[in-house]
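Visitor: This is the structure, below, for whatever I ask next.
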Amino acid sequence: SQTIHQWPATLVQPVGSPLSLECTVEGTSNPNLYWYRQAAGRGLQLLFYSVGIGQISSEVPQNLSASRPQDRQFILSSKKLLLSDSGFYLCAWSEGALGDTQYFGPGTRLTVL
Amino acid sequence: GENVEQHPSTLSVQEGDSAVIKCTYSDSASNYFPWYKQELGKRPQLIIDIRSNVGEKKDQRIAVTLNKTAKHFSLHITETQPEDSAVYFCAASKRSGGYQKVTFGTGTKLQVIP
């Protein structure tokens, strides 16, 4: 069966520091991968999606970036964090070819101070 | 683009009563409608979904209905239990450029009172 991992689980970072969050999926090949952000008490905002290695699309302009160096690895980065980057970051995957259901990872809770 | 509206934003019911959450969508090309349950501090988890070629789907105490003409869909939970307390998100999605584009509603916080 498929499993999705995210780390770290929690992170506290000062404003202006860099960020790297990692997501990996097991048990599937060529998945579509997604990064979402959820502000406290709010809904889900799609940040990036990827349909293959090296293929990244951004949904909203921001100081974040994403990379997909391997088929089942998705990384979210920032060079300089802002206070507004605080939130719950969720990675999700779906079957690449015809999959319509997205399955979420356990999330990373980021607090920027 | 797609716009999904979800109501109510909060819902309190007595244990054993039914709960209904309603969503509307704007893009007639949307063809897949999942519902997620998110407990405090946890990931959203898929609880039920429906595709546009089906009008109703049921899984034990949970059911979803879809009215394509009116562009609305609803989640029904019967015989509610305290463990049903959570935030529920509806979503409307369609295939777009090789990936499944999903638009989420703003969420309904359900409280089941024992």
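Chain lettering (A, B, ...) mirrors the order of the structure tokens, residue numbering begins at 1 for each chain separately, and ligand numbering begins at 1 in order of display.
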Compute the set of chain A residues within 9 Å of chain B, using only C-alpha atoms, and express it as a list in words.

Guide: Asn32, Arg42, Gly43, Leu44, Gln45, Leu46, Tyr49, Ser50, Val51, Phe88, Leu90, Ser94, Gly96, Ala97, Leu98, Gly99, Asp100, Thr101, Gln102, Tyr103, Phe104, Gly105, Pro106, Gly107 and Arg109 of chain A

Visitor: Would you list the contacts of A:Ala66 as JSON, numbers by chain, taking every protein, DNA or RNA residue within 8 Å and counting only C-alpha atoms, but skipping same-chain residues closer than 3 positions in sequence?

Guide: {"A": [48, 56, 74, 75, 76, 77]}

Visitor: Could you pull out all residues of chain B with a DSSP call of strand (DSSP E or B) and give them as an NGL selection string?

Guide: :B and (4-7 or 10-14 or 19-25 or 32-38 or 45-51 or 56-59 or 62-67 or 72-77 or 86-96 or 99-104 or 108-113)

Visitor: Report as a list in words all protein, DNA and RNA residues lying within 12 Å of A:Ser20, evaluated on only C-alpha atoms, omitting residues in the same chain fewer than 4 positions from it.

Guide: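 The residues that qualify are Gln6, Trp7, Pro8, Leu11, Gln13, Leu64, Ser65, Ala66, Ser67, Phe74, Ile75, Leu76, Ser77, Ser78, Lys79, Lys80, Leu81, Tyr89, Thr108 and Leu110 of chain A.
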
Visitor: In terms of the shortest atom-to-atom distance over only C-alpha atoms, which of A:Thr3, A:Ser58, A:Ser86, A:Gln70 is closest to A:Thr28?

Guide: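 Ranking A:Thr3, A:Ser58, A:Ser86, A:Gln70 by distance to A:Thr28, first place goes to A:Thr3.
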
Visitor: Have a look at atom CA of A:Leu21 and atom CA of B:Lys37 and let me know their distance in Å, one decimal.

Guide: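 Result for atom CA of A:Leu21 versus atom CA of B:Lys37: 23.9 Å, one decimal.
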
Visitor: Using only C-alpha atoms for the distances, tell me which of B:Leu75, B:Ile50, B:Ala86, B:Ala63 is nearest to B:Ser30.

Guide: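 The answer is B:Ile50, which sits nearest to B:Ser30.
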
Visitor: Can you work out which one of B:Thr24, B:Gln60, B:Gln38, B:Gln14 has the shortest atom-to-atom distance to B:Ser74, counting only C-alpha atoms?

Guide: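 Result for the nearest residue to B:Ser74: B:Thr24.
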
Visitor: For atom CA of A:Gln55 and atom CA of A:Arg68, determine how far apart the two atoms are, in Å to one decimal place.

Guide: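 Answer for the atom CA of A:Gln55 to atom CA of A:Arg68 separation: 7.2 Å.
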